[in-house]
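**Q** Got upload_21.txt for you, compact mmCIF, C-alpha atoms:
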# COMPACT_ATOMS: atom_id res chain seq x y z
CA MET A 323 2.08 -14.87 -16.37
CA LYS A 324 0.57 -11.78 -17.98
CA GLN A 325 -2.79 -12.45 -16.33
CA SER A 326 -1.12 -13.21 -13.00
CA LYS A 327 0.82 -9.95 -12.88
CA TRP A 328 -2.35 -7.92 -13.53
CA LEU A 329 -4.19 -9.84 -10.80
CA ILE A 330 -1.37 -9.19 -8.32
CA LEU A 331 -1.36 -5.53 -9.36
CA ALA A 332 -5.09 -5.22 -8.61
CA VAL A 333 -4.78 -6.93 -5.20
CA LEU A 334 -1.88 -4.66 -4.26
CA ALA A 335 -3.86 -1.58 -5.28
CA ILE A 336 -6.77 -2.56 -3.02
CA VAL A 337 -4.59 -3.52 -0.06
CA TRP A 338 -2.25 -0.52 -0.29
CA GLY A 339 -5.10 1.84 -1.14
CA SER A 340 -6.67 0.90 2.19
CA SER A 341 -3.44 1.39 4.12
CA PHE A 342 -3.71 5.18 4.30
CA ILE A 343 -7.03 5.15 6.15
CA LEU A 344 -5.58 2.51 8.50
CA ILE A 345 -2.63 4.82 9.21
CA LYS A 346 -5.10 7.62 9.95
CA LYS A 347 -7.05 5.44 12.38
CA GLY A 348 -3.86 4.16 13.96
CA LEU A 349 -2.66 7.70 14.67
CA LEU A 350 -5.74 8.37 16.82
CA GLY A 351 -4.12 6.53 19.71
CA LEU A 352 -0.48 6.06 18.68
CA THR A 353 2.41 8.37 17.93
CA PRO A 354 4.05 8.04 14.48
CA ILE A 355 7.01 6.24 16.06
CA GLN A 356 4.72 3.79 17.89
CA LEU A 357 2.61 3.20 14.78
CA GLY A 358 5.63 2.49 12.58
CA ALA A 359 7.18 0.16 15.17
CA VAL A 360 3.96 -1.79 15.82
CA ARG A 361 3.29 -2.04 12.09
CA ILE A 362 6.72 -3.51 11.33
CA PHE A 363 6.83 -5.71 14.45
CA VAL A 364 3.46 -7.37 13.76
CA ALA A 365 4.24 -7.82 10.07
CA SER A 366 7.63 -9.38 10.87
CA ILE A 367 6.21 -11.82 13.44
CA VAL A 368 3.38 -12.99 11.19
CA MET A 369 5.52 -13.32 8.06
CA LEU A 370 8.34 -15.15 9.84
CA CYS A 371 5.82 -17.59 11.33
CA ILE A 372 4.62 -18.30 7.80
CA GLY A 373 7.94 -18.72 6.02
CA TRP A 374 10.81 -19.12 8.52
CA LYS A 375 11.84 -22.41 6.87
CA HIS A 376 13.09 -20.46 3.85
CA ILE A 377 15.64 -18.41 5.83
CA PRO A 378 18.47 -21.01 5.70
CA SER A 379 18.21 -21.13 1.89
CA ILE A 380 19.20 -17.46 1.57
CA PRO A 381 22.82 -17.12 0.35
CA LYS A 382 25.09 -15.40 2.87
CA ASN A 383 26.33 -12.88 0.32
CA LYS A 384 22.75 -11.58 -0.14
CA TRP A 385 22.10 -10.49 3.45
CA LYS A 386 23.69 -7.05 3.07
CA PHE A 387 21.46 -6.36 0.08
CA LEU A 388 18.41 -7.67 1.95
CA PHE A 389 19.13 -5.44 4.93
CA ALA A 390 19.40 -2.36 2.70
CA SER A 391 16.20 -3.36 0.89
CA SER A 392 14.30 -3.75 4.17
CA MET A 393 15.37 -0.25 5.24
CA TYR A 394 14.56 1.42 1.90
CA GLY A 395 11.35 -0.43 1.17
CA ILE A 396 9.69 -0.92 4.56
CA PHE A 397 11.39 0.51 7.65
CA PHE A 398 11.89 4.20 6.91
CA PRO A 399 8.76 4.66 4.72
CA ALA A 400 6.57 3.26 7.53
CA PHE A 401 7.64 6.11 9.82
CA LEU A 402 7.74 8.78 7.10
CA PHE A 403 4.13 8.18 6.01
CA ALA A 404 2.99 8.09 9.63
CA TYR A 405 4.60 11.47 10.33
CA ALA A 406 3.24 12.90 7.06
CA GLN A 407 -0.34 11.94 7.96
CA THR A 408 -0.19 13.82 11.23
CA GLN A 409 -0.63 16.93 9.05
CA ILE A 410 -2.10 15.87 5.68
CA ASP A 411 -5.21 13.83 4.81
CA SER A 412 -4.97 10.17 3.92
CA THR A 413 -6.29 10.86 0.40
CA ILE A 414 -3.51 13.38 -0.31
CA SER A 415 -0.93 10.98 1.09
CA SER A 416 -2.12 8.28 -1.30
CA ILE A 417 -1.92 10.63 -4.29
CA LEU A 418 1.64 11.60 -3.41
CA ASN A 419 2.37 7.88 -3.23
CA ALA A 420 1.55 7.81 -6.95
CA THR A 421 4.86 9.55 -7.66
CA THR A 422 6.69 6.27 -6.95
CA PRO A 423 6.83 5.20 -10.65
CA LEU A 424 8.25 8.62 -11.56
CA PHE A 425 11.08 8.26 -9.08
CA THR A 426 11.50 4.63 -10.13
CA LEU A 427 12.16 5.64 -13.72
CA PHE A 428 14.33 8.57 -12.67
CA LEU A 429 16.55 6.39 -10.48
CA SER A 430 16.57 3.58 -13.05
CA VAL A 431 18.20 5.97 -15.52
CA LEU A 432 20.33 8.01 -13.12
CA ILE A 433 21.80 5.24 -10.96
CA PHE A 434 21.12 1.87 -12.56
CA GLY A 435 21.83 2.76 -16.20
CA ILE A 436 18.49 1.73 -17.70
CA SER A 437 17.66 3.60 -20.92
CA ALA A 438 14.43 5.57 -21.32
CA GLN A 439 12.56 7.32 -24.11
CA LYS A 440 12.03 11.08 -24.41
CA ARG A 441 8.31 10.58 -23.80
CA GLN A 442 9.11 8.99 -20.45
CA TYR A 443 11.23 11.97 -19.40
CA PHE A 444 8.32 14.17 -20.40
CA GLY A 445 6.02 12.06 -18.23
CA VAL A 446 8.34 12.40 -15.25
CA ALA A 447 8.38 16.20 -15.67
CA ILE A 448 4.57 16.33 -15.86
CA GLY A 449 4.24 14.12 -12.81
CA PHE A 450 6.53 16.31 -10.74
CA ILE A 451 4.59 19.41 -11.81
CA GLY A 452 1.38 17.69 -10.71
CA SER A 453 2.92 16.86 -7.33
CA LEU A 454 3.94 20.49 -6.87
CA MET A 455 0.40 21.60 -7.78
CA LEU A 456 -1.03 19.14 -5.27
CA ILE A 457 1.19 20.29 -2.42
CA LEU A 458 0.90 24.04 -3.09
CA SER A 459 -2.88 23.96 -3.58
CA GLY A 460 -3.25 21.88 -0.42
CA ALA A 461 -1.22 24.40 1.55
CA ILE A 462 -3.59 27.15 0.37
CA VAL A 463 -6.88 25.28 0.75
CA HIS A 464 -5.98 23.65 4.07
CA ALA A 465 -4.11 26.46 5.75
CA GLU A 466 -4.59 24.74 9.13
CA GLN A 467 -2.39 21.85 7.96
CA ASN A 468 1.41 21.98 7.66
CA TYR A 469 1.99 20.86 4.08
CA TRP A 470 5.75 20.74 4.55
CA TYR A 471 4.97 17.31 6.01
CA ALA A 472 3.92 16.24 2.51
CA LEU A 473 7.61 16.18 1.63
CA LEU A 474 8.02 13.28 4.07
CA ALA A 475 5.60 11.24 1.94
CA VAL A 476 7.56 12.25 -1.17
CA LEU A 477 10.80 11.11 0.49
CA ALA A 478 9.16 7.77 1.30
CA CYS A 479 8.30 7.39 -2.39
CA VAL A 480 11.94 8.05 -3.34
CA LEU A 481 12.95 5.23 -0.98
CA TYR A 482 10.28 2.94 -2.47
CA ALA A 483 11.63 3.68 -5.94
CA LEU A 484 15.20 3.00 -4.84
CA ASN A 485 14.11 -0.30 -3.34
CA ILE A 486 12.31 -1.41 -6.51
CA ASN A 487 15.46 -0.87 -8.57
CA TRP A 488 17.63 -2.37 -5.81
CA ILE A 489 15.64 -5.62 -5.79
CA LYS A 490 15.69 -5.88 -9.57
CA LYS A 491 19.44 -5.24 -9.65
CA PHE A 492 20.74 -7.27 -6.70
CA LEU A 493 18.03 -9.69 -5.54
CA SER A 494 16.21 -10.88 -8.66
CA ASP A 495 17.95 -14.27 -8.41
CA LEU A 496 16.14 -14.94 -5.12
CA THR A 497 12.56 -16.13 -4.83
CA PRO A 498 9.92 -13.69 -3.50
CA ILE A 499 9.60 -15.70 -0.28
CA GLN A 500 13.38 -15.55 0.26
CA ILE A 501 13.40 -11.78 -0.22
CA SER A 502 10.42 -11.40 2.10
CA MET A 503 11.80 -13.65 4.85
CA GLY A 504 15.23 -12.04 4.62
CA SER A 505 13.76 -8.56 4.87
CA PHE A 506 11.55 -9.32 7.86
CA THR A 507 14.40 -11.13 9.61
CA CYS A 508 16.33 -7.85 9.39
CA LEU A 509 13.31 -5.77 10.40
CA LEU A 510 12.24 -7.70 13.51
CA PRO A 511 15.12 -6.67 15.83
CA CYS A 512 15.00 -3.09 14.51
CA SER A 513 11.28 -2.84 15.28
CA ILE A 514 11.76 -4.31 18.78
CA ILE A 515 14.42 -1.72 19.59
CA VAL A 516 12.17 1.15 18.46
CA LEU A 517 9.11 -0.33 20.19
CA LEU A 518 10.91 -0.70 23.53
CA ASN A 519 11.91 2.97 23.37
CA SER A 520 8.52 4.28 22.22
CA ASN A 521 6.84 4.49 25.66
CA LEU A 522 3.86 2.47 24.38
CA GLY A 523 3.41 0.79 27.76
CA ALA A 524 2.29 4.06 29.34
CA THR A 525 -0.88 4.25 27.22
CA VAL A 526 -1.57 0.66 26.18
CA HIS A 527 -4.33 0.36 28.81
CA LEU A 528 -6.41 3.05 27.04
CA GLU A 529 -9.22 1.92 24.75
CA THR A 530 -8.19 4.43 22.06
CA THR A 531 -4.66 3.03 22.05
CA GLN A 532 -5.91 -0.56 21.90
CA MET A 533 -8.15 0.19 18.90
CA SER A 534 -5.25 1.95 17.18
CA ILE A 535 -3.06 -1.09 17.77
CA ILE A 536 -5.71 -3.29 16.12
CA TYR A 537 -5.86 -0.99 13.07
CA THR A 538 -2.07 -0.92 12.91
CA ALA A 539 -1.84 -4.71 13.26
CA ILE A 540 -4.17 -5.10 10.26
CA LEU A 541 -2.00 -2.58 8.42
CA GLY A 542 1.14 -4.52 9.27
CA ILE A 543 -0.17 -7.98 8.38
CA CYS A 544 -1.88 -7.02 5.11
CA SER A 545 -0.20 -3.88 3.74
CA THR A 546 3.33 -4.49 5.00
CA GLY A 547 3.62 -8.26 5.28
CA LEU A 548 1.52 -10.13 2.74
CA ALA A 549 1.55 -7.26 0.23
CA SER A 550 5.36 -7.11 0.34
CA LEU A 551 5.52 -10.78 -0.60
CA LEU A 552 3.24 -10.16 -3.58
CA PHE A 553 5.19 -7.05 -4.53
CA TYR A 554 8.54 -8.86 -4.58
CA ARG A 555 6.99 -11.48 -6.84
CA LEU A 556 5.63 -8.78 -9.14
CA ILE A 557 9.02 -7.05 -9.43
CA ILE A 558 10.74 -10.29 -10.41
CA MET A 559 8.08 -11.39 -12.93
CA SER A 560 7.73 -7.95 -14.57
CA SER A 561 9.66 -4.67 -14.78
CA PRO A 562 10.39 -2.17 -11.98
CA VAL A 563 8.14 0.48 -13.55
CA PHE A 564 5.23 -1.97 -14.03
CA ALA A 565 5.60 -3.12 -10.43
CA SER A 566 5.30 0.46 -9.20
CA SER A 567 2.30 1.24 -11.42
CA SER A 568 -0.11 -0.10 -8.78
CA THR A 569 -0.06 3.53 -7.71
CA TYR A 570 -2.52 4.27 -10.54
CA LEU A 571 -5.28 2.58 -8.59
CA ILE A 572 -4.14 3.22 -5.01
CA PRO A 573 -5.46 6.84 -4.93
CA VAL A 574 -8.84 5.66 -6.21
CA VAL A 575 -9.20 3.14 -3.38
CA ALA A 576 -7.91 5.68 -0.84
CA PHE A 577 -10.30 8.34 -2.17
CA VAL A 578 -13.29 6.04 -1.58
CA TRP A 579 -12.14 5.44 2.00
CA GLY A 580 -11.59 9.19 2.42
CA VAL A 581 -15.15 9.94 1.31
CA PHE A 582 -16.49 7.49 3.89
CA ASP A 583 -14.34 9.19 6.52
CA HIS A 584 -15.58 12.68 5.54
CA GLU A 585 -12.34 13.91 4.00
CA SER A 586 -12.60 16.61 1.35
CA ILE A 587 -10.44 17.27 -1.69
CA HIS A 588 -10.51 20.64 -3.48
CA VAL A 589 -10.90 20.95 -7.25
CA SER A 590 -7.35 22.34 -7.52
CA GLN A 591 -6.02 19.31 -5.64
CA LEU A 592 -7.99 16.98 -7.88
CA ALA A 593 -6.44 18.70 -10.91
CA GLY A 594 -2.98 18.16 -9.44
CA ALA A 595 -3.79 14.51 -8.82
CA LEU A 596 -4.87 14.01 -12.43
CA VAL A 597 -1.67 15.66 -13.67
CA VAL A 598 0.37 13.30 -11.47
CA LEU A 599 -1.42 10.27 -12.87
CA LEU A 600 -0.98 11.55 -16.43
CA GLY A 601 2.74 11.86 -15.82
CA VAL A 602 2.86 8.34 -14.37
CA TYR A 603 0.97 7.02 -17.40
CA LEU A 604 3.35 8.64 -19.90
CA SER A 605 6.47 7.58 -18.03
CA SER A 606 5.46 3.92 -17.59
CA ARG A 607 3.96 3.20 -21.00
CA LYS A 608 6.01 0.84 -23.14
Rewrite the coordinates I just gave you, this time as structure tokens.

**A**
Amino acid sequence: MKQSKWLILAVLAIVWGSSFILIKKGLLGLTPIQLGAVRIFVASIVMLCIGWKHIPSIPKNKWKFLFASSMYGIFFPAFLFAYAQTQIDSTISSILNATTPLFTLFLSVLIFGISAQKRQYFGVAIGFIGSLMLILSGAIVHAEQNYWYALLAVLACVLYALNINWIKKFLSDLTPIQISMGSFTCLLPCSIIVLLNSNLGATVHLETTQMSIIYTAILGICSTGLASLLFYRLIIMSSPVFASSSTYLIPVVAFVWGVFDHESIHVSQLAGALVVLLGVYLSSRK
């Protein structure tokens, strides 16, 4: 089990680390609303085709928790990150995503009553300072970008953290495939409603839009669908903080993609990123 959880962690880091560049490419021809809706719709269709047989086995009293989990963990973050990346680079977005373990620990203690050590509180404080450094330095270095949008990525991380604790608290008696199928069953009608009101039909004939839909479909199938199934399994077989520690490696993968796509990161931003990761390390160590 120990080897399996590290393997899953590595796969998640690669898949999710690549998601930020896919969001960037998807936004070339789609609005944030369209991107989020297409992402969730495609992921829901593919995942339900794979595991629809498991839906009847889900206890009726778990559906309210599954609906909340699908909103916290997938629906709202998909749109928040899309909006954030209309103004900030994909690399910066991935680094801000690394604050998820910090919020996970914070919410574990504040809401779910899990005890923590003083060193972990210290790590959370360091991580938040690093995030502030990253955002403020980015606003100075990239004056042409509106770094207030970075707060949308931070809010998405808060929702991710809430979802991790939510699953551990209320859904750990379900199998990963049950959690996944329940979540995407809830998400499918929501995504259809948003998609029908997104005016995608007016531009779908354009080549740019079609390429963006392909990038977003890959994002939905891999980063939202299959990765969610792996993530639910990781939460159940480990701890909430360990499950969220894939964010150590996500910025590394995203940085490599950013280099290939000619993104630049200033020394001050790199320093902020390292401070964030140091905080994550201290807060999630046993």

**Q** Under the rule that all atoms listed in the file are counted, which of A:Met393, A:Val360, A:Ala332, A:Ile436 is the nearest residue to Lys491 (chain A)?

**A** A:Ile436

**Q** Quick one: of A:Ala576, A:Leu600, A:Leu473, A:Ile355, who's nearest to Ile451 (chain A), counting all atoms listed in the file?

**A**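 The closest residue to Ile451 (chain A) is A:Leu600.
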
**Q** With all atoms listed in the file as the basis for distance, which of A:Ser494, A:Ser561, A:Ser568, A:Gln500 is at the shortest distance from Tyr603 (chain A)?

**A** A:Ser568

**Q** Counting all atoms listed in the file, what are the residues of region 487-590 of chain A within 7 Å of region 363-381 of chain A, and for each of them which pair of atoms is the nearest and at what distance in Å, to one decimal? Sort the table by chain and rising number, as JSON lines.

**A**
{"residue": "A:Gln500", "atom": "CA", "partner": "A:His376", "partner_atom": "CA", "distance": 6.1}
{"residue": "A:Met503", "atom": "CA", "partner": "A:Ile377", "partner_atom": "CA", "distance": 6.2}
{"residue": "A:Gly504", "atom": "CA", "partner": "A:Ile377", "partner_atom": "CA", "distance": 6.5}
{"residue": "A:Phe506", "atom": "CA", "partner": "A:Ser366", "partner_atom": "CA", "distance": 4.9}
{"residue": "A:Leu509", "atom": "CA", "partner": "A:Ser366", "partner_atom": "CA", "distance": 6.7}
{"residue": "A:Leu510", "atom": "CA", "partner": "A:Ser366", "partner_atom": "CA", "distance": 5.6}
{"residue": "A:Ser513", "atom": "CA", "partner": "A:Phe363", "partner_atom": "CA", "distance": 5.4}
{"residue": "A:Ile514", "atom": "CA", "partner": "A:Phe363", "partner_atom": "CA", "distance": 6.7}
{"residue": "A:Ala539", "atom": "CA", "partner": "A:Val364", "partner_atom": "CA", "distance": 6.0}
{"residue": "A:Gly542", "atom": "CA", "partner": "A:Ala365", "partner_atom": "CA", "distance": 4.6}
{"residue": "A:Ile543", "atom": "CA", "partner": "A:Ala365", "partner_atom": "CA", "distance": 4.7}
{"residue": "A:Thr546", "atom": "CA", "partner": "A:Ala365", "partner_atom": "CA", "distance": 6.1}
{"residue": "A:Gly547", "atom": "CA", "partner": "A:Ala365", "partner_atom": "CA", "distance": 4.8}

**Q** Find the distance between CA of Asn521 (chain A) and CA of Ser534 (chain A) and write it in Å to one decimal.

**A**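 A separation of 15.0 Å between them.
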
**Q** Skipping near chain neighbours, those fewer than 6 positions away, what residues fall within 7 Å of region 454-460 of chain A using all atoms listed in the file, listed as a ChimeraX atom specification?

**A** /A:469,472,590-591,594-595

**Q** Identify, on the basis of all atoms listed in the file, every residue whose closest approach to Ser326 (chain A) does not exceed 12 Å; exclude the query and any residue fewer than 2 positions from it along the same chain; express the result as an mmCIF file with C-alpha atoms, in the frame of the given file.

**A**
data_model
loop_
_atom_site.group_PDB
_atom_site.id
_atom_site.type_symbol
_atom_site.label_atom_id
_atom_site.label_comp_id
_atom_site.auth_asym_id
_atom_site.auth_seq_id
_atom_site.Cartn_x
_atom_site.Cartn_y
_atom_site.Cartn_z
ATOM 1 C CA MET A 323 2.080 -14.870 -16.370
ATOM 2 C CA LYS A 324 0.570 -11.780 -17.980
ATOM 3 C CA TRP A 328 -2.350 -7.920 -13.530
ATOM 4 C CA LEU A 329 -4.190 -9.840 -10.800
ATOM 5 C CA ILE A 330 -1.370 -9.190 -8.320
ATOM 6 C CA LEU A 331 -1.360 -5.530 -9.360
ATOM 7 C CA ALA A 332 -5.090 -5.220 -8.610
ATOM 8 C CA VAL A 333 -4.780 -6.930 -5.200
ATOM 9 C CA LEU A 552 3.240 -10.160 -3.580
ATOM 10 C CA ARG A 555 6.990 -11.480 -6.840
ATOM 11 C CA LEU A 556 5.630 -8.780 -9.140
ATOM 12 C CA MET A 559 8.080 -11.390 -12.930
ATOM 13 C CA SER A 560 7.730 -7.950 -14.570
#

**Q** Of the candidates A:Val446, A:Ala406, A:Ile515, A:Ile343, which one gets nearest to Asn468 (chain A) if we count all atoms listed in the file?

**A**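 Under the stated criterion, the closest residue is A:Ala406.
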
**Q** What is the distance between CA of Leu484 (chain A) and CA of Ala404 (chain A), in Å to one decimal?

**A**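 It comes out at 19.6 Å.
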
**Q** Hey, which of A:Tyr554, A:Ile345, A:Gln325, A:Leu350 ends up closest to Thr531 (chain A)? Count all atoms listed in the file.

**A**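 The answer is A:Leu350, which sits nearest to Thr531 (chain A).
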
**Q** Give me the residues within 9 Å of Trp579 (chain A) as an mmCIF file with C-alpha atoms, in the frame of the given file, counting all atoms listed in the file and dropping any in the same chain fewer than 4 places off.

**A**
data_model
loop_
_atom_site.group_PDB
_atom_site.id
_atom_site.type_symbol
_atom_site.label_atom_id
_atom_site.label_comp_id
_atom_site.auth_asym_id
_atom_site.auth_seq_id
_atom_site.Cartn_x
_atom_site.Cartn_y
_atom_site.Cartn_z
ATOM 1 C CA GLY A 339 -5.100 1.840 -1.140
ATOM 2 C CA SER A 340 -6.670 0.900 2.190
ATOM 3 C CA PHE A 342 -3.710 5.180 4.300
ATOM 4 C CA ILE A 343 -7.030 5.150 6.150
ATOM 5 C CA SER A 412 -4.970 10.170 3.920
ATOM 6 C CA THR A 413 -6.290 10.860 0.400
ATOM 7 C CA VAL A 574 -8.840 5.660 -6.210
ATOM 8 C CA VAL A 575 -9.200 3.140 -3.380
ATOM 9 C CA ASP A 583 -14.340 9.190 6.520
ATOM 10 C CA HIS A 584 -15.580 12.680 5.540
ATOM 11 C CA GLU A 585 -12.340 13.910 4.000
#

**Q** Given the choices A:Ile557, A:Leu357, A:Leu418, A:Pro399, which gets closest to Thr497 (chain A) if the distance is worked out from only C-alpha atoms?

**A**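 Checking each of A:Ile557, A:Leu357, A:Leu418, A:Pro399 against Thr497 (chain A), counting only C-alpha atoms, the winner is A:Ile557.
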
**Q** Could you jot down the CA of Asn383 (chain A) to CA of Cys512 (chain A) separation for me, Å, one decimal place?

**A**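 If I compute the distance from CA of Asn383 (chain A) to CA of Cys512 (chain A), I get 20.6 Å.
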
**Q** Which neighbours of Leu388 (chain A) fall inside 7 Å, counting only C-alpha atoms, when residues of the same chain fewer than 4 positions from it are skipped, and could you give them as a PyMOL selection string?

**A** chain A and resi 384+392+501+504-505

**Q** So for region 376-385 of chain A, what box centre and size do we get, axis-aligned, 3 Å extra on each of the six sides, every listed atom, Å to one decimal, as lines of an AutoDock Vina configuration file?

**A**
center_x = 19.7
center_y = -15.8
center_z = 2.8
size_x = 19.2
size_y = 16.6
size_z = 12.0

**Q** Tell me which protein, DNA and RNA residues are within 9 Å of region 480-482 of chain A, counting all atoms listed in the file, leaving out same-chain ones fewer than 5 positions away, and put them as a ChimeraX atom specification.

**A** /A:393-396,398-399,421-422,425-426,429,475,487,566
